[in-house]
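**Student:** For reference, the structure I am asking about is given below.
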Amino acid sequence: MKLSEATLVFANIRSHHGNAPFDDFEAQNFHSELNPSITFQEAIEAVRRFYSSVSGRWMGAADVNAMVRSMHAERIPSEAEIGRLMDRSGLDLGECGRYLAYRRTLISSIKRGMSVEQAAMLAVEAASTLSIEPAPAKPRKPVVHHFIGRGQTRAGAGSLADVLGREAGQ
């Protein structure tokens with residue numbers, strides 16, 4: 001939601017309290033506390049619902065966020081309705097992965113504001129194109145040997161000159 005839209009929502013809240021004046025800082029603060037995924041229409045509906053049931057208390061950004069979350073939860077179909085939508089899809093959703101892809105896509109699409117019919121179409125597409133990508137191969141680490149004992153029959157079997165170089169022989 002844009003700052004201008006959040007300011008209109010804030011002004012709508014203030015109108016329930018005698019058109020209380022507010023400044024730019026208060027409007028910006030209200031905007032920053034709103035969940036960024038909330039639309040203007042959802043926020044206005046949340047204000048309407050809040051003040052239709054509560055009187056005397058000021059609505060804050062947290063109340064708008066909570067009310068919109070509950071509005072999203074109301075739109076999610078029941079488990080029985082999800083089952084009927086899956087049956088109508090015609091897909092074989094017996095596989096756990098297809099079932100989960102369908103359900104997850106359906107619910108997340110509805111939460112983003114799509115209608116149940118639009119979300120069901122996306123969910124069918126997600127379940128039908130389900131593919132599991134193989135995990136990326138990890139690069140193999142080169143084998144590194146400690147210098148002691150490499151090529152030796154036992155640690156310390158080499159001469160001190162081999163270990164320290166020419167300077168040790170002098």
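Each chain of the structure tokens is named A, B, ... in the order shown, its residues numbered from 1; ligands are numbered from 1 in display order.
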Fewer than 6 positions away in the same chain doesn't count, so skip those; otherwise give me all residues within 12 Å of Ala66 of chain A, counting only C-alpha atoms, as a list in words.

**Tutor:**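 The residues that qualify are Glu33, Leu34, Asn35, Ile38, Glu42, Ala43, Ala46, Val47, Arg49, Phe50, Met59, Gly60, His72 and Ala73 of chain A.
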
**Student:** What would the file look like if the residues just selected were written as a PDB file, in the first residue's frame with N, CA, C and O atoms?

**Tutor:**
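Wrote it out as out.pdb, contents follow:
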ATOM      1  N   GLU A  33       3.924   0.798   9.952  1.00  0.00           N
ATOM      2  CA  GLU A  33       3.493  -0.312  10.805  1.00  0.00           C
ATOM      3  C   GLU A  33       2.509  -1.253  10.116  1.00  0.00           C
ATOM      4  O   GLU A  33       2.260  -2.343  10.608  1.00  0.00           O
ATOM      5  N   LEU A  34       1.962  -0.833   8.983  1.00  0.00           N
ATOM      6  CA  LEU A  34       1.037  -1.701   8.255  1.00  0.00           C
ATOM      7  C   LEU A  34       1.798  -2.809   7.539  1.00  0.00           C
ATOM      8  O   LEU A  34       2.903  -2.598   7.054  1.00  0.00           O
ATOM      9  N   ASN A  35       1.172  -3.968   7.462  1.00  0.00           N
ATOM     10  CA  ASN A  35       1.736  -5.069   6.690  1.00  0.00           C
ATOM     11  C   ASN A  35       1.766  -4.641   5.224  1.00  0.00           C
ATOM     12  O   ASN A  35       0.742  -4.222   4.686  1.00  0.00           O
ATOM     13  N   ILE A  38      -1.017  -5.714   2.551  1.00  0.00           N
ATOM     14  CA  ILE A  38      -2.415  -5.303   2.672  1.00  0.00           C
ATOM     15  C   ILE A  38      -2.762  -4.329   1.560  1.00  0.00           C
ATOM     16  O   ILE A  38      -2.004  -3.412   1.264  1.00  0.00           O
ATOM     17  N   GLU A  42      -8.779  -3.731   1.407  1.00  0.00           N
ATOM     18  CA  GLU A  42      -8.796  -4.562   2.613  1.00  0.00           C
ATOM     19  C   GLU A  42      -8.700  -3.712   3.866  1.00  0.00           C
ATOM     20  O   GLU A  42      -9.387  -3.968   4.858  1.00  0.00           O
ATOM     21  N   ALA A  43      -7.835  -2.690   3.836  1.00  0.00           N
ATOM     22  CA  ALA A  43      -7.662  -1.831   5.006  1.00  0.00           C
ATOM     23  C   ALA A  43      -8.941  -1.047   5.304  1.00  0.00           C
ATOM     24  O   ALA A  43      -9.357  -0.927   6.460  1.00  0.00           O
ATOM     25  N   ALA A  46     -11.383  -3.356   6.820  1.00  0.00           N
ATOM     26  CA  ALA A  46     -10.991  -3.643   8.204  1.00  0.00           C
ATOM     27  C   ALA A  46     -11.436  -2.515   9.133  1.00  0.00           C
ATOM     28  O   ALA A  46     -11.938  -2.771  10.237  1.00  0.00           O
ATOM     29  N   VAL A  47     -11.279  -1.267   8.701  1.00  0.00           N
ATOM     30  CA  VAL A  47     -11.712  -0.124   9.509  1.00  0.00           C
ATOM     31  C   VAL A  47     -13.230  -0.174   9.691  1.00  0.00           C
ATOM     32  O   VAL A  47     -13.755   0.029  10.794  1.00  0.00           O
ATOM     33  N   ARG A  49     -15.225  -2.800   9.585  1.00  0.00           N
ATOM     34  CA  ARG A  49     -15.589  -3.894  10.486  1.00  0.00           C
ATOM     35  C   ARG A  49     -15.238  -3.575  11.935  1.00  0.00           C
ATOM     36  O   ARG A  49     -15.981  -3.917  12.849  1.00  0.00           O
ATOM     37  N   PHE A  50     -14.084  -2.957  12.133  1.00  0.00           N
ATOM     38  CA  PHE A  50     -13.643  -2.637  13.495  1.00  0.00           C
ATOM     39  C   PHE A  50     -14.629  -1.692  14.160  1.00  0.00           C
ATOM     40  O   PHE A  50     -15.079  -1.941  15.279  1.00  0.00           O
ATOM     41  N   MET A  59      -8.486   2.636  16.627  1.00  0.00           N
ATOM     42  CA  MET A  59      -7.918   1.539  15.847  1.00  0.00           C
ATOM     43  C   MET A  59      -6.498   1.919  15.455  1.00  0.00           C
ATOM     44  O   MET A  59      -6.264   3.019  14.961  1.00  0.00           O
ATOM     45  N   GLY A  60      -5.575   1.007  15.663  1.00  0.00           N
ATOM     46  CA  GLY A  60      -4.190   1.238  15.282  1.00  0.00           C
ATOM     47  C   GLY A  60      -3.793   0.362  14.103  1.00  0.00           C
ATOM     48  O   GLY A  60      -4.581  -0.445  13.597  1.00  0.00           O
ATOM     49  N   HIS A  72      -8.581 -12.672   5.689  1.00  0.00           N
ATOM     50  CA  HIS A  72      -7.950 -13.664   4.811  1.00  0.00           C
ATOM     51  C   HIS A  72      -8.311 -15.073   5.262  1.00  0.00           C
ATOM     52  O   HIS A  72      -8.585 -15.945   4.439  1.00  0.00           O
ATOM     53  N   ALA A  73      -8.296 -15.299   6.569  1.00  0.00           N
ATOM     54  CA  ALA A  73      -8.606 -16.628   7.095  1.00  0.00           C
ATOM     55  C   ALA A  73     -10.051 -17.014   6.792  1.00  0.00           C
ATOM     56  O   ALA A  73     -10.345 -18.193   6.561  1.00  0.00           O
TER      57      ALA A  73
END

**Student:** Pick out each residue of segment 26-90 of chain A that DSSP on the backbone tags as helix (DSSP H, G or I); I need them as a ChimeraX atom specification.

**Tutor:** /A:26-33,40-53,61-75,79-89

**Student:** Go through A:Ile107, A:Val124, A:Met1, A:Val54 one by one, measure the shortest atom-to-atom distance of each to Ser78 of chain A using only C-alpha atoms, and give the residue with the smallest value.

**Tutor:**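 Nearest candidate to Ser78 of chain A out of A:Ile107, A:Val124, A:Met1, A:Val54: A:Ile107.
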
**Student:** Go through A:Leu91, A:Ala11, A:Ile76, A:Ala127 one by one, measure the shortest atom-to-atom distance of each to Ser109 of chain A using only C-alpha atoms, and give the residue with the smallest value.

**Tutor:**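 Distance minimum relative to Ser109 of chain A lands on A:Ile76.
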
**Student:** Which residue out of A:Ser89, A:Ser108, A:Ser4, A:Ser37 has the minimum interatomic distance to Glu125 of chain A when only C-alpha atoms are used?

**Tutor:**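 Closest candidate: A:Ser89.
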
**Student:** Point out the residue among A:Arg112, A:Lys2, A:Arg57, A:Arg88 with the least atom-to-atom distance to Ser32 of chain A, counting only C-alpha atoms.

**Tutor:**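 The closest residue to Ser32 of chain A is A:Lys2.
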
**Student:** Need the shell around Glu117 of chain A: protein/DNA/RNA residues with any atom at most 10 Å away, counting only C-alpha atoms. Skip same-chain ones fewer than 6 positions apart. Format as a count of residues only?

**Tutor:** 4
